[in-house]
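Data file: final.cif. Format and content: mmCIF, C-alpha atoms.
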```
data_target
#
loop_
_atom_site.label_atom_id
_atom_site.label_comp_id
_atom_site.auth_asym_id
_atom_site.auth_seq_id
_atom_site.Cartn_x
_atom_site.Cartn_y
_atom_site.Cartn_z
CA MET S 149 49.23 27.36 11.01
CA GLU S 150 49.44 26.30 14.66
CA ALA S 151 47.48 29.35 15.81
CA SER S 152 44.78 28.79 13.16
CA LEU S 153 44.57 25.12 14.02
CA LEU S 154 44.14 25.93 17.70
CA ARG S 155 41.32 28.39 16.92
CA GLN S 156 39.47 26.01 14.60
CA CYS S 157 40.03 22.79 16.57
CA PRO S 158 40.92 23.70 20.16
CA LEU S 159 40.27 20.13 21.34
CA LEU S 160 42.68 18.54 18.84
CA LEU S 161 46.18 18.57 20.30
CA PRO S 162 49.65 17.33 19.17
CA GLN S 163 50.83 14.18 20.93
CA ASN S 164 54.56 14.51 20.23
CA ARG S 165 57.20 17.20 19.73
CA ALA S 166 57.46 16.52 15.99
CA LYS S 167 53.75 17.23 15.75
CA THR S 168 53.18 14.22 13.53
CA VAL S 169 50.41 12.83 15.73
CA TYR S 170 47.26 14.72 16.70
CA GLU S 171 44.47 13.36 18.85
CA GLY S 172 41.36 14.85 20.37
CA PHE S 173 38.00 16.06 19.17
CA ILE S 174 36.54 17.90 16.18
CA SER S 175 33.40 19.92 16.90
CA VAL S 176 30.51 20.14 14.42
CA GLN S 177 26.94 21.35 15.13
CA GLY S 178 27.65 21.39 18.86
CA ARG S 179 28.81 17.77 18.90
CA ASP S 180 32.34 16.52 19.56
CA PHE S 181 33.77 13.59 17.61
CA HIS S 182 36.96 11.80 18.65
CA LEU S 183 39.68 11.25 16.05
CA ARG S 184 43.42 10.66 15.69
CA ILE S 185 45.56 11.81 12.77
CA GLU S 186 49.02 10.35 12.12
CA LEU S 187 51.22 12.36 9.73
CA PRO S 188 54.42 11.29 7.96
CA GLU S 189 57.70 13.08 8.67
CA ASP S 190 57.14 15.45 5.72
CA LEU S 191 53.67 16.31 7.17
CA GLN S 192 51.99 15.65 3.80
CA MET S 193 48.32 14.80 4.14
CA LYS S 194 48.30 12.43 1.16
CA ASN S 195 50.30 9.91 3.21
CA ALA S 196 48.51 10.59 6.51
CA ARG S 197 46.40 8.10 8.47
CA LEU S 198 42.99 9.01 9.92
CA LEU S 199 41.59 7.00 12.85
CA CYS S 200 37.96 7.66 13.82
CA SER S 201 35.77 6.75 16.77
CA TRP S 202 32.83 4.47 16.01
CA GLN S 203 30.44 7.44 16.25
CA LEU S 204 32.44 9.34 13.64
CA LYS S 205 32.68 6.26 11.45
CA THR S 206 28.91 5.91 11.59
CA ILE S 207 28.36 9.53 10.56
CA LEU S 208 30.90 9.27 7.71
CA ASN S 209 29.50 5.99 6.41
CA GLY S 210 29.11 6.53 2.67
CA TYR S 211 31.57 9.45 2.65
CA HIS S 212 34.84 7.48 2.94
CA GLN S 213 35.81 8.08 -0.68
CA ILE S 214 35.21 11.81 -0.35
CA VAL S 215 37.32 11.97 2.83
CA GLN S 216 40.15 10.10 1.06
CA GLN S 217 40.01 12.57 -1.83
CA ARG S 218 40.19 15.50 0.60
CA MET S 219 43.25 13.97 2.26
CA GLN S 220 44.95 13.49 -1.09
CA HIS S 221 44.40 17.07 -2.23
CA SER S 222 44.71 19.06 1.01
CA PRO S 223 48.08 20.89 1.26
CA ASP S 224 48.22 20.74 5.07
CA LEU S 225 46.41 19.51 8.18
CA MET S 226 44.52 22.77 8.70
CA SER S 227 43.04 22.65 5.18
CA PHE S 228 42.03 19.02 5.60
CA LEU S 229 40.30 19.66 8.92
CA MET S 230 38.26 22.49 7.36
CA GLU S 231 37.27 20.12 4.53
CA LEU S 232 36.42 17.38 7.03
CA LYS S 233 34.17 19.77 8.96
CA MET S 234 32.24 20.62 5.78
CA VAL S 235 31.79 16.91 4.96
CA LEU S 236 30.54 16.31 8.51
CA GLU S 237 28.09 19.21 8.24
CA VAL S 238 26.56 17.65 5.12
CA ALA S 239 26.53 14.13 6.60
CA LEU S 240 24.86 15.28 9.84
CA LYS S 241 22.24 17.30 7.97
CA LYS S 242 21.33 14.33 5.79
CA LYS S 243 21.15 12.02 8.81
CA GLN S 244 18.81 14.45 10.59
CA GLU S 245 16.52 14.54 7.54
CA LEU S 246 16.40 10.73 7.37
CA CYS S 247 16.12 10.20 11.12
CA PRO S 248 14.37 13.21 12.67
CA PRO S 249 14.52 13.46 16.46
CA PRO S 250 11.63 11.86 18.37
CA PRO S 251 8.76 14.13 19.39
CA PRO S 252 8.62 15.41 22.99
CA PRO S 253 6.37 13.75 25.63
CA GLN S 254 3.74 16.47 25.06
CA PHE S 255 3.21 15.11 21.55
CA TYR S 256 2.31 11.69 22.94
CA SER S 257 0.11 13.20 25.65
CA SER S 258 -2.09 14.91 23.07
CA LEU S 259 -2.14 11.76 20.96
CA ILE S 260 -3.28 9.64 23.92
CA GLU S 261 -6.01 12.20 24.67
CA GLU S 262 -7.30 11.90 21.10
CA ILE S 263 -7.25 8.10 21.28
CA GLY S 264 -9.13 8.27 24.58
CA ILE S 265 -11.89 10.30 22.93
CA LEU S 266 -12.10 7.91 19.98
CA GLY S 267 -12.35 4.87 22.24
CA TRP S 268 -10.67 1.48 22.35
CA ASP S 269 -11.55 -1.66 20.46
CA LYS S 270 -12.24 -4.33 23.07
CA GLU S 271 -10.35 -7.17 21.34
CA ASN S 272 -7.14 -5.14 20.85
CA MET S 273 -7.18 -2.88 23.90
CA ASN S 274 -4.59 -4.77 25.97
CA ALA S 275 -2.04 -4.95 23.13
CA CYS S 276 -2.39 -1.21 22.44
CA LEU S 277 -2.06 -0.38 26.15
CA ASN S 278 1.16 -2.38 26.38
CA VAL S 279 2.67 -0.33 23.55
CA LEU S 280 1.65 2.97 25.16
CA ASN S 281 2.99 1.86 28.55
CA LEU S 282 6.35 1.07 26.95
CA LYS S 283 6.37 4.58 25.51
CA CYS S 284 5.77 6.02 28.99
CA GLN S 285 8.65 3.96 30.39
CA ARG S 286 10.97 5.11 27.63
CA PHE S 287 10.40 8.75 28.50
CA GLN S 288 10.36 7.90 32.22
CA SER S 289 7.39 10.24 32.33
CA GLN S 290 4.99 9.85 35.24
CA SER S 291 2.82 12.66 33.84
CA LEU S 292 2.47 10.79 30.55
CA ARG S 293 1.42 7.65 32.41
CA VAL S 294 -1.16 9.65 34.39
CA VAL S 295 -2.62 11.01 31.13
CA LEU S 296 -2.75 7.48 29.73
CA MET S 297 -4.55 5.98 32.72
CA LYS S 298 -6.97 8.92 32.99
CA HIS S 299 -8.14 8.47 29.40
CA VAL S 300 -8.27 4.69 29.66
CA THR S 301 -10.70 4.92 32.57
CA LYS S 302 -12.80 7.67 30.99
CA SER S 303 -12.89 6.44 27.39
CA HIS S 304 -15.32 3.95 25.92
CA VAL S 305 -14.36 0.32 25.34
CA LEU S 306 -16.28 -0.73 22.23
CA ASN S 307 -16.69 -3.88 20.16
CA CYS S 308 -17.09 -2.25 16.78
CA ARG S 309 -14.93 0.88 16.70
CA GLY S 310 -11.90 2.63 18.13
CA LEU S 311 -8.17 1.95 18.27
CA VAL S 312 -7.15 -1.52 17.08
CA PHE S 313 -3.40 -1.08 16.52
CA VAL S 314 -0.55 1.28 17.35
CA ASP S 315 3.13 0.64 16.66
CA THR S 316 5.94 1.19 19.16
CA CYS S 317 6.84 4.56 17.61
CA LEU S 318 3.22 5.77 17.69
CA SER S 319 3.63 6.66 14.02
CA THR S 320 1.21 4.05 12.66
CA ILE S 321 -2.31 3.94 14.03
CA LYS S 322 -5.25 1.79 12.90
CA LEU S 323 -8.84 2.68 13.74
CA LYS S 324 -11.93 0.57 13.22
CA ALA S 325 -15.48 1.65 12.41
CA GLU S 326 -18.76 -0.04 11.61
CA ASP S 327 -21.14 1.30 8.97
CA ALA S 328 -24.94 1.37 9.19
CA SER S 329 -25.16 -2.14 7.70
CA GLY S 330 -22.78 -3.64 10.26
CA ARG S 331 -19.75 -3.92 7.97
CA LYS S 332 -16.39 -3.36 9.70
CA HIS S 333 -13.83 -1.03 8.12
CA LEU S 334 -10.27 -0.01 8.96
CA ILE S 335 -8.36 3.21 8.39
CA THR S 336 -4.57 3.22 8.75
CA LEU S 337 -2.90 6.51 9.64
CA LYS S 338 0.81 7.15 9.13
CA LEU S 339 1.82 10.16 11.20
CA LYS S 340 4.55 12.33 9.71
CA ALA S 341 7.43 13.93 11.59
CA LYS S 342 5.71 17.34 11.49
CA TYR S 343 2.31 16.11 12.70
CA PRO S 344 -0.04 17.87 13.37
CA ALA S 345 1.34 20.61 11.10
CA GLU S 346 1.18 18.05 8.27
CA SER S 347 -1.70 15.73 7.56
CA PRO S 348 -1.14 11.99 8.19
CA ASP S 349 -1.13 9.63 5.23
CA CYS S 350 -4.44 7.77 5.23
CA PHE S 351 -4.99 4.27 3.82
CA VAL S 352 -8.49 2.86 3.36
CA ASP S 353 -10.12 0.08 1.34
CA PHE S 354 -12.45 2.34 -0.65
CA PRO S 355 -13.53 2.19 -4.32
CA VAL S 356 -12.96 5.97 -4.57
CA PRO S 357 -10.11 8.23 -3.41
CA PHE S 358 -10.30 9.29 0.23
CA SER S 359 -9.21 12.93 0.49
CA VAL S 360 -8.79 14.41 3.95
CA SER S 361 -9.51 18.04 4.80
CA TRP S 362 -6.70 19.09 7.16
CA THR S 363 -5.40 22.14 8.99
CA PRO S 364 -2.68 22.39 11.68
CA GLN S 365 -5.52 22.51 14.23
CA SER S 366 -7.00 19.21 12.99
CA SER S 367 -6.68 15.94 14.86
CA LEU S 368 -7.27 12.20 14.60
CA ILE S 369 -10.82 12.90 15.71
CA SER S 370 -11.50 15.09 12.65
CA ILE S 371 -10.03 12.42 10.32
CA TYR S 372 -12.16 9.76 11.97
CA GLY S 373 -15.25 11.92 11.48
CA GLN S 374 -14.45 12.27 7.77
CA PHE S 375 -13.88 8.51 7.61
CA LEU S 376 -17.34 7.85 9.08
CA ALA S 377 -18.93 10.29 6.62
CA ALA S 378 -17.21 8.52 3.71
CA LEU S 379 -18.51 5.16 4.98
CA GLU S 380 -22.04 6.53 4.97
CA SER S 381 -21.67 7.83 1.40
CA LEU S 382 -20.50 4.40 0.18
CA LYS S 383 -23.17 2.39 2.01
CA ALA S 384 -25.37 2.00 -1.10
CA PHE S 385 -22.41 0.77 -3.16
CA TRP S 386 -21.47 -1.90 -0.64
CA ASP S 387 -25.13 -2.92 -0.25
CA VAL S 388 -25.17 -3.59 -4.02
CA THR S 389 -21.91 -5.54 -4.13
CA ASP S 390 -22.75 -7.51 -0.97
CA GLU S 391 -26.06 -8.63 -2.46
CA ILE S 392 -24.27 -9.81 -5.61
CA ASP S 393 -21.62 -11.63 -3.57
CA GLU S 394 -24.23 -13.30 -1.32
CA LYS S 395 -26.83 -14.30 -3.92
CA THR S 396 -24.81 -15.15 -7.06
CA TRP S 397 -21.69 -17.09 -7.96
CA VAL S 398 -18.95 -14.51 -8.46
CA LEU S 399 -16.15 -16.02 -10.52
CA GLU S 400 -13.84 -13.01 -10.32
CA PRO S 401 -12.49 -11.62 -8.10
CA GLU S 402 -12.35 -14.74 -5.95
CA LYS S 403 -12.20 -12.72 -2.72
CA PRO S 404 -13.50 -9.22 -3.49
CA THR S 405 -12.13 -6.36 -1.40
CA ARG S 406 -14.21 -3.36 -0.38
CA SER S 407 -12.50 -1.34 -3.11
CA ALA S 408 -13.37 -3.81 -5.90
CA THR S 409 -15.94 -2.38 -8.32
CA ALA S 410 -15.93 -5.25 -10.86
CA ARG S 411 -17.69 -8.60 -10.65
CA ARG S 412 -17.76 -11.51 -13.10
CA ILE S 413 -20.99 -13.41 -12.38
CA ALA S 414 -21.74 -16.96 -13.54
CA LEU S 415 -24.80 -17.33 -15.80
CA GLY S 416 -24.59 -21.06 -16.49
CA ASN S 417 -23.72 -22.90 -19.74
CA ASN S 418 -20.10 -21.69 -19.39
CA ALA S 419 -21.29 -18.12 -19.79
CA SER S 420 -20.81 -15.16 -17.49
CA ILE S 421 -21.36 -11.43 -17.31
CA HIS S 422 -18.68 -8.95 -16.27
CA ILE S 423 -20.04 -5.77 -14.69
CA GLU S 424 -18.36 -2.59 -13.47
CA VAL S 425 -20.38 -0.87 -10.74
CA ASP S 426 -20.19 2.91 -10.37
CA PRO S 427 -19.51 3.63 -6.66
CA LYS S 428 -21.23 7.01 -6.90
CA HIS S 429 -24.32 5.66 -8.68
CA PRO S 430 -24.42 1.97 -7.73
CA THR S 431 -28.00 1.23 -8.79
CA MET S 432 -27.59 2.70 -12.27
CA LEU S 433 -26.97 0.45 -15.29
CA PRO S 434 -23.34 -0.74 -15.00
CA GLU S 435 -20.89 -1.43 -17.80
CA CYS S 436 -21.67 -4.97 -18.98
CA CYS S 437 -19.69 -7.49 -20.99
CA PHE S 438 -20.91 -11.01 -21.76
CA LEU S 439 -18.41 -13.86 -21.89
CA GLY S 440 -19.25 -17.23 -23.44
CA ALA S 441 -20.31 -18.97 -26.61
CA ASP S 442 -22.22 -16.89 -29.17
CA HIS S 443 -25.32 -19.03 -29.05
CA VAL S 444 -25.56 -18.32 -25.29
CA VAL S 445 -24.51 -14.68 -24.94
CA LYS S 446 -26.02 -13.18 -28.11
CA PRO S 447 -29.63 -13.68 -26.92
CA LEU S 448 -28.66 -12.06 -23.60
CA GLY S 449 -27.21 -9.05 -25.40
CA ILE S 450 -30.43 -8.72 -27.42
CA LYS S 451 -32.57 -8.86 -24.26
CA LEU S 452 -30.40 -6.21 -22.58
CA SER S 453 -30.87 -3.83 -25.52
CA ARG S 454 -34.58 -4.59 -25.80
CA ASN S 455 -35.38 -4.24 -22.09
CA ILE S 456 -33.03 -1.46 -21.08
CA HIS S 457 -36.02 0.86 -20.62
CA LEU S 458 -37.13 -1.37 -17.73
CA TRP S 459 -34.09 -0.43 -15.65
CA ASP S 460 -35.29 1.22 -12.44
CA PRO S 461 -32.64 2.87 -10.21
CA GLU S 462 -35.03 2.51 -7.28
CA ASN S 463 -34.59 -1.27 -7.45
CA SER S 464 -31.39 -3.11 -6.59
CA LEU S 465 -28.82 -3.65 -9.33
CA LEU S 466 -29.20 -7.43 -9.10
CA GLN S 467 -32.98 -7.25 -9.45
CA ASN S 468 -32.63 -4.95 -12.46
CA LEU S 469 -30.21 -7.38 -14.14
CA LYS S 470 -32.72 -10.19 -13.62
CA ASP S 471 -35.52 -8.10 -15.11
CA VAL S 472 -33.74 -6.84 -18.23
CA LEU S 473 -31.97 -10.15 -18.98
CA GLU S 474 -35.11 -12.18 -18.16
CA ILE S 475 -33.08 -14.72 -16.17
CA ASP S 476 -32.52 -16.03 -12.67
CA PHE S 477 -28.89 -16.16 -11.69
CA PRO S 478 -27.63 -19.55 -10.49
CA ALA S 479 -28.22 -19.50 -6.73
CA ARG S 480 -25.50 -20.20 -4.18
CA THR S 481 -27.96 -22.24 -2.13
CA ASN S 482 -28.60 -24.79 -4.90
CA LEU S 483 -25.26 -25.11 -6.71
CA GLU S 484 -21.56 -25.37 -5.96
CA LYS S 485 -18.90 -23.15 -7.48
CA SER S 486 -17.39 -26.24 -9.11
CA ASP S 487 -20.50 -26.35 -11.31
CA PHE S 488 -19.20 -23.20 -13.03
CA SER S 489 -15.45 -23.53 -12.51
CA MET S 490 -14.53 -25.65 -15.53
CA ASP S 491 -10.84 -26.12 -16.22
CA CYS S 492 -9.20 -24.85 -19.38
CA GLY S 493 -9.40 -27.42 -22.21
CA ILE S 494 -5.75 -26.82 -23.11
CA CYS S 495 -3.74 -26.45 -19.87
CA TYR S 496 -6.28 -28.38 -17.73
CA SER S 497 -6.12 -25.85 -14.91
CA TYR S 498 -8.67 -23.34 -13.65
CA GLN S 499 -6.43 -20.43 -12.75
CA LEU S 500 -3.43 -19.41 -14.85
CA ASP S 501 -1.45 -16.38 -13.64
CA GLY S 502 -4.59 -15.18 -11.85
CA ALA S 503 -6.84 -15.53 -14.93
CA ILE S 504 -9.68 -18.01 -15.31
CA PRO S 505 -11.06 -19.45 -18.59
CA ASP S 506 -13.10 -16.80 -20.43
CA GLN S 507 -13.09 -18.06 -24.06
CA VAL S 508 -15.67 -20.70 -25.06
CA CYS S 509 -16.17 -22.89 -28.12
CA ASP S 510 -19.24 -21.78 -30.12
CA ASN S 511 -20.28 -25.37 -30.81
CA PRO S 512 -23.36 -25.95 -28.57
CA GLN S 513 -22.42 -29.64 -28.19
CA CYS S 514 -18.93 -28.66 -26.95
CA ALA S 515 -18.90 -25.25 -25.21
CA GLN S 516 -15.47 -26.02 -23.71
CA PRO S 517 -13.86 -23.01 -21.99
CA PHE S 518 -10.22 -21.94 -22.46
CA HIS S 519 -7.81 -19.38 -21.07
CA GLN S 520 -7.32 -16.54 -23.51
CA ILE S 521 -3.55 -16.97 -23.61
CA CYS S 522 -3.82 -20.77 -24.03
CA LEU S 523 -6.25 -20.45 -26.93
CA TYR S 524 -4.12 -17.73 -28.52
CA GLU S 525 -1.03 -19.97 -28.49
CA TRP S 526 -3.07 -22.91 -29.84
CA LEU S 527 -4.64 -20.98 -32.72
CA ARG S 528 -1.37 -19.30 -33.60
CA GLY S 529 0.20 -22.74 -34.12
CA LEU S 530 -2.52 -23.99 -36.50
CA LEU S 531 -1.94 -23.61 -40.25
CA THR S 532 -5.71 -23.59 -40.80
CA SER S 533 -6.35 -20.59 -38.50
CA ARG S 534 -7.20 -17.27 -40.07
CA GLN S 535 -7.12 -13.76 -38.72
CA SER S 536 -9.42 -10.82 -39.37
CA PHE S 537 -8.21 -7.62 -37.75
CA ASN S 538 -7.77 -8.52 -34.05
CA ILE S 539 -9.85 -11.72 -34.15
CA ILE S 540 -8.43 -15.20 -34.82
CA PHE S 541 -10.69 -18.00 -36.09
CA GLY S 542 -9.78 -21.69 -35.93
CA GLU S 543 -10.56 -25.24 -34.88
CA CYS S 544 -11.52 -26.05 -31.31
CA PRO S 545 -8.88 -28.20 -29.57
CA TYR S 546 -11.73 -30.28 -28.11
CA CYS S 547 -14.29 -30.91 -30.84
CA SER S 548 -12.14 -30.01 -33.90
CA LYS S 549 -14.98 -27.89 -35.28
CA LYS S 550 -14.10 -24.46 -36.66
CA LYS S 551 -16.10 -22.95 -33.88
CA VAL S 552 -13.57 -21.06 -31.80
CA ARG S 553 -12.52 -17.48 -32.21
CA LEU S 554 -10.35 -15.30 -30.10
CA GLY S 555 -10.92 -11.58 -29.96
CA LYS S 556 -7.69 -9.98 -28.78
CA THR S 557 -7.63 -6.58 -27.14
CA PHE S 558 -4.01 -6.25 -28.12
CA ALA S 559 -2.19 -6.65 -31.42
CA VAL S 560 -1.66 -10.22 -32.57
CA ALA S 561 1.93 -10.93 -33.58
#
```
Let's see the structure in the file written out as structure tokens.
Amino acid sequence: MEASLLRQCPLLLPQNRAKTVYEGFISVQGRDFHLRIELPEDLQMKNARLLCSWQLKTILNGYHQIVQQRMQHSPDLMSFLMELKMVLEVALKKKQELCPPPPPPQFYSSLIEEIGILGWDKENMNACLNVLNLKCQRFQSQSLRVVLMKHVTKSHVLNCRGLVFVDTCLSTIKLKAEDASGRKHLITLKLKAKYPAESPDCFVDFPVPFSVSWTPQSSLISIYGQFLAALESLKAFWDVTDEIDEKTWVLEPEKPTRSATARRIALGNNASIHIEVDPKHPTMLPECCFLGADHVVKPLGIKLSRNIHLWDPENSLLQNLKDVLEIDFPARTNLEKSDFSMDCGICYSYQLDGAIPDQVCDNPQCAQPFHQICLYEWLRGLLTSRQSFNIIFGECPYCSKKKVRLGKTFAVA
């Protein structure tokens, strides 16, 4: 066994004549790890004691139980050391997969060149330069610093586009662009360990999926070009939603994102219209749903059906809605949002778990709005309420007239 042990672990040597204590190094994947093994007088591994360096402890973190099992079942020291080597092989491989080695300086040089071509956002340039300078210092690379300064002096410093953020690992990059209407947009790129062999993960605030065409020869510049092309294709959609947001009172969402396709627009008299705009055909007739008391929304539904032939895709969506509904939307210049933001007549709040009141009493003298869930709980507790399929009819909590009904989109218990 001594000869085999010397061949397998030449750096692990006995520390006494009884050969009950061994200390030295075990070599795995070209790395040496310090350890000490103390054996009992009978040399049985099940009663042995293993002492590891902090590096070895770190590698074996999560494998302690397996190592203990190997010690309990190994017949001798040689067998245990072979088992320990196999455990270390697995642990090192997993650690390498989770924490791949950092890219070489050449990787960062090419990345800095690409950023230099894209340009720098004026407001964030200094912060980004500080991060890149720290990267140069880490590698102690004068050539990398020369590349950085060369592209800083040659590249454009812009107010509306270019690099706005880079993290200390240069794995997360944010670029800004401005579309033809002056709207500012961001794209966040998460570079993978195998970049540029693998495409970065791209995150944008778009109403449609953003798919990137990528080859190992592609670069940040090609992604940015595709990003600009996508902005151009969505210009008409954002023109439509911006006009709605600027000229009407949008009840939901309260702060629309660029990816939001739905709008709930106030009509007055506690009524509203919910529309879903098609990003690919933004001026076409959207999906419409009227919310409010019957005596208010039914005439609007009739007008929509009667005038649908008047819809002209050459006009804006807002203008078309005005024409077919024969109305003027409440203007932001003349009214406040509080004129339309009536609290729920049951819980006396406007927002409840993100929802706003969308059920209204049909009594024209009342027209009190309610949250759907509040009205559902109220009607369910009334003995006089009745249900027909998925609609509940009952008395209004405000005016006590049998003028409220709740149409549920889910089964009523």
On this structure, the PyMOL selection byres ((chain S and resi 457-463) around 9) would catch which residues? List them as a list in words, sorted by chain and number. His429, Pro430, Thr431, Met432, Leu433, Ser453, Arg454, Asn455, Ile456, Ser464, Leu465, Leu466, Gln467, Asn468, Leu469, Asp471 and Val472 of chain S
Neighbouring residues of S:Leu439 were defined as those with any atom within 7 Å, considering only C-alpha atoms; residues of the same chain fewer than 2 positions away were excluded. Please report them as JSON, numbers by chain. {"S": [419, 420, 421, 437, 445, 506]}
Given the file shown, enumerate the residues that the PyMOL selection byres ((chain S and resi 509) around 9) captures and present them as a ChimeraX atom specification. /S:440-442,507-508,510-512,514-518,544,546-547,549-553
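Minimum atom-to-atom distance to S:Ala377, evaluated using only C-alpha atoms, belongs to S:Asp327 out of S:Glu261, S:Asp327, S:Glu237, S:Asp501.
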Neighbour list for S:Glu394 as a ChimeraX atom specification, cut-off 10 Å, only C-alpha atoms, skip fewer than 6 positions in-chain: /S:479-481
Closest of S:Ser222, S:Ser359, S:Ser175, S:Gln244 to S:Asn195, counting only C-alpha atoms, is S:Ser222
Expected selection from the PyMOL selection byres ((chain S and resi 478) around 8), given as a list in words: Thr396, Trp397, Ala414, Leu415, Gly416, Asp476, Phe477, Ala479, Arg480, Asn482 and Leu483 of chain S
Atom pair atom CA of S:Thr405 / atom CA of S:Asp353: separation (Å): 7.3 Å
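The interatomic distance for the pair atom CA of S:Arg406 and atom CA of S:Glu474 works out to 28.8 Å.
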So which residues touch stretch 202-209 of chain S within 9 Å, counting only C-alpha atoms, skipping near sequence neighbours fewer than 3 positions away, as a ChimeraX atom specification? /S:181-183,212,215,235-236,239-240,243
For S:Leu259, which residue out of S:Gly542, S:Pro223, S:Gly178, S:Pro344 is the nearest one, using all atoms listed in the file? S:Pro344
So that each row is one residue of stretch 175-268 of chain S with an atom at most 12 Å from stretch 157-171 of chain S, can you give its shortest atom pair and the distance in Å to one decimal, using only C-alpha atoms, rows by chain and rising number, as CSV?
```
residue,atom,partner,partner_atom,distance
S:Ser175,CA,S:Cys157,CA,7.2
S:Val176,CA,S:Cys157,CA,10.1
S:Arg179,CA,S:Leu159,CA,12.0
S:Asp180,CA,S:Leu159,CA,8.9
S:Phe181,CA,S:Leu159,CA,9.9
S:His182,CA,S:Glu171,CA,7.7
S:Leu183,CA,S:Glu171,CA,5.9
S:Arg184,CA,S:Glu171,CA,4.3
S:Ile185,CA,S:Tyr170,CA,5.2
S:Glu186,CA,S:Val169,CA,4.6
S:Leu187,CA,S:Thr168,CA,4.7
S:Pro188,CA,S:Thr168,CA,6.4
S:Glu189,CA,S:Thr168,CA,6.7
S:Asp190,CA,S:Thr168,CA,8.8
S:Leu191,CA,S:Thr168,CA,6.7
S:Gln192,CA,S:Thr168,CA,9.9
S:Met193,CA,S:Thr168,CA,10.6
S:Asn195,CA,S:Thr168,CA,11.5
S:Ala196,CA,S:Thr168,CA,9.2
S:Arg197,CA,S:Val169,CA,9.5
S:Leu198,CA,S:Tyr170,CA,9.8
S:Leu199,CA,S:Glu171,CA,9.2
S:Cys200,CA,S:Glu171,CA,10.0
S:Ser201,CA,S:Glu171,CA,11.1
S:Asp224,CA,S:Thr168,CA,11.8
S:Leu225,CA,S:Tyr170,CA,9.8
S:Met226,CA,S:Cys157,CA,9.1
S:Ser227,CA,S:Cys157,CA,11.8
S:Phe228,CA,S:Cys157,CA,11.8
S:Leu229,CA,S:Cys157,CA,8.3
S:Met230,CA,S:Cys157,CA,9.4
S:Leu232,CA,S:Cys157,CA,11.5
S:Lys233,CA,S:Cys157,CA,10.1
```
If I take atom CA of S:His519 and atom CA of S:Ile475, how far is one from the other in Å, to one decimal? 26.2 Å
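For the residues S:Val312, S:Asp390, S:Thr363, S:Phe351, ranking by smallest atom-to-atom distance to S:Arg331 using only C-alpha atoms places S:Asp390 first.
The smallest atom-to-atom distance between S:Ile392 and any of S:Leu452, S:Leu530, S:Ile423, S:Val356, using only C-alpha atoms, is found for S:Ile423.
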